[in-house]
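File shown here: input_38.txt, holding compact mmCIF, N, CA and C atoms.
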# COMPACT_ATOMS: atom_id res chain seq x y z
N MET A 1 -252.04 145.92 -59.61
CA MET A 1 -250.92 146.69 -59.12
C MET A 1 -250.04 147.04 -60.32
N THR A 2 -249.66 148.30 -60.44
CA THR A 2 -248.76 148.72 -61.51
C THR A 2 -247.32 148.49 -61.09
N SER A 3 -246.41 148.58 -62.04
CA SER A 3 -245.00 148.40 -61.69
C SER A 3 -244.53 149.51 -60.75
N HIS A 4 -245.12 150.69 -60.90
CA HIS A 4 -244.77 151.80 -60.00
C HIS A 4 -245.19 151.48 -58.58
N ASP A 5 -246.40 150.92 -58.42
CA ASP A 5 -246.87 150.53 -57.09
C ASP A 5 -245.97 149.46 -56.50
N GLY A 6 -245.52 148.52 -57.33
CA GLY A 6 -244.65 147.45 -56.86
C GLY A 6 -243.31 147.99 -56.38
N SER A 7 -242.73 148.93 -57.13
CA SER A 7 -241.44 149.49 -56.72
C SER A 7 -241.60 150.36 -55.48
N ARG A 8 -242.73 151.04 -55.38
CA ARG A 8 -243.00 151.85 -54.19
C ARG A 8 -243.13 150.96 -52.96
N ALA A 9 -243.84 149.85 -53.10
CA ALA A 9 -243.99 148.91 -51.99
C ALA A 9 -242.64 148.30 -51.62
N ALA A 10 -241.83 147.97 -52.63
CA ALA A 10 -240.50 147.41 -52.36
C ALA A 10 -239.62 148.42 -51.64
N ASN A 11 -239.69 149.69 -52.06
CA ASN A 11 -238.91 150.73 -51.39
C ASN A 11 -239.35 150.89 -49.94
N ARG A 12 -240.67 150.88 -49.72
CA ARG A 12 -241.18 151.03 -48.35
C ARG A 12 -240.76 149.85 -47.50
N LEU A 13 -240.81 148.64 -48.08
CA LEU A 13 -240.39 147.45 -47.35
C LEU A 13 -238.91 147.55 -46.99
N GLY A 14 -238.09 148.02 -47.93
CA GLY A 14 -236.67 148.19 -47.66
C GLY A 14 -236.42 149.17 -46.54
N VAL A 15 -237.13 150.28 -46.55
CA VAL A 15 -236.99 151.27 -45.48
C VAL A 15 -237.42 150.67 -44.15
N LEU A 16 -238.54 149.95 -44.15
CA LEU A 16 -239.02 149.35 -42.91
C LEU A 16 -238.04 148.32 -42.36
N ILE A 17 -237.43 147.54 -43.24
CA ILE A 17 -236.45 146.55 -42.80
C ILE A 17 -235.23 147.26 -42.19
N ALA A 18 -234.77 148.30 -42.86
CA ALA A 18 -233.62 149.04 -42.34
C ALA A 18 -233.96 149.70 -41.01
N LEU A 19 -235.16 150.24 -40.91
CA LEU A 19 -235.56 150.89 -39.67
C LEU A 19 -235.77 149.89 -38.54
N ALA A 20 -236.28 148.73 -38.88
CA ALA A 20 -236.47 147.70 -37.85
C ALA A 20 -235.11 147.31 -37.27
N ALA A 21 -234.12 147.20 -38.14
CA ALA A 21 -232.77 146.87 -37.67
C ALA A 21 -232.21 148.01 -36.83
N ALA A 22 -232.41 149.24 -37.28
CA ALA A 22 -231.90 150.40 -36.54
C ALA A 22 -232.67 150.62 -35.25
N ALA A 23 -233.92 150.19 -35.22
CA ALA A 23 -234.76 150.42 -34.04
C ALA A 23 -234.25 149.68 -32.82
N ALA A 24 -233.38 148.72 -33.03
CA ALA A 24 -232.83 148.00 -31.89
C ALA A 24 -232.05 148.93 -30.97
N VAL A 25 -231.56 150.04 -31.50
CA VAL A 25 -230.82 150.99 -30.67
C VAL A 25 -231.54 152.32 -30.52
N ALA A 26 -232.70 152.45 -31.15
CA ALA A 26 -233.43 153.71 -31.10
C ALA A 26 -234.32 153.78 -29.86
N PRO A 27 -234.53 154.96 -29.32
CA PRO A 27 -235.41 155.11 -28.16
C PRO A 27 -236.82 154.59 -28.42
N VAL A 28 -237.30 154.68 -29.64
CA VAL A 28 -238.63 154.17 -29.97
C VAL A 28 -238.71 152.69 -29.65
N ALA A 29 -237.64 151.96 -29.90
CA ALA A 29 -237.63 150.52 -29.67
C ALA A 29 -237.59 150.18 -28.19
N ALA A 30 -237.31 151.15 -27.35
CA ALA A 30 -237.28 150.90 -25.93
C ALA A 30 -238.68 150.67 -25.37
N GLN A 31 -239.70 150.97 -26.17
CA GLN A 31 -241.06 150.70 -25.75
C GLN A 31 -241.26 149.19 -25.63
N ALA A 32 -242.33 148.80 -24.97
CA ALA A 32 -242.61 147.38 -24.78
C ALA A 32 -242.72 146.64 -26.11
N SER A 33 -243.33 147.27 -27.11
CA SER A 33 -243.42 146.67 -28.43
C SER A 33 -243.57 147.75 -29.47
N CYS A 34 -243.22 147.42 -30.69
CA CYS A 34 -243.36 148.37 -31.79
C CYS A 34 -244.17 147.65 -32.87
N ASN A 35 -245.46 147.98 -32.95
CA ASN A 35 -246.34 147.33 -33.90
C ASN A 35 -246.26 148.00 -35.27
N GLU A 36 -247.15 147.64 -36.17
CA GLU A 36 -247.12 148.17 -37.53
C GLU A 36 -247.24 149.69 -37.55
N GLN A 37 -248.13 150.24 -36.72
CA GLN A 37 -248.29 151.70 -36.68
C GLN A 37 -247.02 152.38 -36.18
N CYS A 38 -246.37 151.77 -35.21
CA CYS A 38 -245.11 152.30 -34.69
C CYS A 38 -244.04 152.31 -35.79
N LEU A 39 -243.93 151.19 -36.53
CA LEU A 39 -242.94 151.12 -37.61
C LEU A 39 -243.28 152.09 -38.74
N ASP A 40 -244.59 152.26 -39.04
CA ASP A 40 -244.99 153.23 -40.06
C ASP A 40 -244.58 154.64 -39.65
N ALA A 41 -244.81 154.98 -38.38
CA ALA A 41 -244.44 156.31 -37.88
C ALA A 41 -242.93 156.49 -37.94
N LEU A 42 -242.18 155.45 -37.60
CA LEU A 42 -240.72 155.52 -37.66
C LEU A 42 -240.24 155.69 -39.10
N ALA A 43 -240.89 154.98 -40.03
CA ALA A 43 -240.55 155.12 -41.45
C ALA A 43 -240.85 156.53 -41.95
N ASP A 44 -241.99 157.08 -41.54
CA ASP A 44 -242.34 158.45 -41.94
C ASP A 44 -241.33 159.45 -41.40
N THR A 45 -240.95 159.29 -40.13
CA THR A 45 -239.95 160.17 -39.52
C THR A 45 -238.63 160.08 -40.26
N TYR A 46 -238.23 158.85 -40.59
CA TYR A 46 -236.97 158.64 -41.31
C TYR A 46 -237.01 159.32 -42.67
N LEU A 47 -238.10 159.12 -43.42
CA LEU A 47 -238.19 159.70 -44.76
C LEU A 47 -238.24 161.23 -44.71
N GLN A 48 -238.92 161.79 -43.72
CA GLN A 48 -238.96 163.25 -43.58
C GLN A 48 -237.57 163.79 -43.29
N ALA A 49 -236.82 163.12 -42.42
CA ALA A 49 -235.46 163.56 -42.11
C ALA A 49 -234.56 163.40 -43.33
N LEU A 50 -234.77 162.34 -44.10
CA LEU A 50 -233.98 162.10 -45.31
C LEU A 50 -234.21 163.22 -46.33
N VAL A 51 -235.47 163.56 -46.56
CA VAL A 51 -235.81 164.62 -47.52
C VAL A 51 -235.25 165.97 -47.05
N ALA A 52 -235.31 166.20 -45.74
CA ALA A 52 -234.84 167.47 -45.17
C ALA A 52 -233.32 167.51 -44.99
N HIS A 53 -232.64 166.38 -45.28
CA HIS A 53 -231.19 166.27 -45.05
C HIS A 53 -230.87 166.66 -43.61
N ALA A 54 -231.67 166.12 -42.67
CA ALA A 54 -231.54 166.47 -41.26
C ALA A 54 -231.45 165.22 -40.39
N PRO A 55 -230.27 164.60 -40.31
CA PRO A 55 -230.15 163.38 -39.50
C PRO A 55 -230.44 163.61 -38.02
N SER A 56 -230.35 164.85 -37.57
CA SER A 56 -230.63 165.13 -36.17
C SER A 56 -232.11 164.90 -35.82
N GLN A 57 -232.96 164.82 -36.84
CA GLN A 57 -234.39 164.59 -36.61
C GLN A 57 -234.72 163.11 -36.40
N LEU A 58 -233.73 162.23 -36.56
CA LEU A 58 -233.96 160.80 -36.39
C LEU A 58 -233.95 160.42 -34.91
N PRO A 59 -234.87 159.54 -34.50
CA PRO A 59 -234.89 159.11 -33.09
C PRO A 59 -233.86 158.00 -32.85
N THR A 60 -232.60 158.39 -32.66
CA THR A 60 -231.53 157.41 -32.47
C THR A 60 -230.75 157.72 -31.19
N THR A 61 -229.89 156.80 -30.83
CA THR A 61 -228.99 157.02 -29.71
C THR A 61 -227.71 157.66 -30.22
N PRO A 62 -226.93 158.30 -29.36
CA PRO A 62 -225.69 158.95 -29.81
C PRO A 62 -224.66 157.99 -30.40
N ASP A 63 -224.72 156.72 -30.04
CA ASP A 63 -223.71 155.78 -30.52
C ASP A 63 -224.17 154.92 -31.71
N ILE A 64 -225.17 155.40 -32.45
CA ILE A 64 -225.66 154.63 -33.60
C ILE A 64 -224.58 154.56 -34.67
N ARG A 65 -224.52 153.43 -35.37
CA ARG A 65 -223.58 153.26 -36.48
C ARG A 65 -224.37 152.97 -37.74
N PHE A 66 -223.97 153.53 -38.86
CA PHE A 66 -224.62 153.31 -40.14
C PHE A 66 -223.60 152.76 -41.12
N THR A 67 -223.93 151.66 -41.77
CA THR A 67 -223.03 151.07 -42.74
C THR A 67 -223.77 150.77 -44.03
N GLU A 68 -223.06 150.79 -45.13
CA GLU A 68 -223.55 150.37 -46.44
C GLU A 68 -222.51 149.44 -47.02
N ASN A 69 -222.95 148.23 -47.37
CA ASN A 69 -222.03 147.24 -47.94
C ASN A 69 -220.81 147.06 -47.06
N THR A 70 -221.03 146.94 -45.79
CA THR A 70 -220.01 146.75 -44.75
C THR A 70 -219.05 147.92 -44.58
N ILE A 71 -219.35 149.05 -45.16
CA ILE A 71 -218.49 150.24 -45.05
C ILE A 71 -219.18 151.24 -44.11
N PRO A 72 -218.55 151.55 -42.95
CA PRO A 72 -219.14 152.55 -42.06
C PRO A 72 -219.22 153.91 -42.73
N LEU A 73 -220.34 154.57 -42.58
CA LEU A 73 -220.53 155.91 -43.16
C LEU A 73 -220.82 156.90 -42.05

Rewrite the coordinates I just gave you, this time as structure tokens.
Amino acid sequence: MTSHDGSRAANRLGVLIALAAAAAVAPVAAQASCNEQCLDALADTYLQALVAHAPSQLPTTPDIRFTENTIPL
């Protein structure tokens, strides 16, 4: 594994952790379970919306809250 692969894996893990936390309020999480494929699809959707600067493309509820370092954004 190269250092680039390691940082890419770490970034993906970070996104998956953030999405898993956010999934608690997302409609996707309302399913009976969200397995690895479900989380991968959610991560892909998140990254596509991030690149497109289109938060409306995220599968969230209207009352979702986003914070960074305890600061609501």

message = Could you tell me how far atom N of Glu68 in chain A sits from CA of Cys34 in chain A, in Å to one decimal place?
response =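 Between CA of Cys34 in chain A and atom N of Glu68 in chain A the gap is 24.4 Å.
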
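The space between CA of Ile71 in chain A and atom C of Ala41 in chain A spans 26.2 Å.
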
Which distance in Å separates CA of Tyr46 in chain A and CA of Leu58 in chain A, to one decimal?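 According to the coordinates, CA of Tyr46 in chain A and CA of Leu58 in chain A are separated by 6.2 Å.
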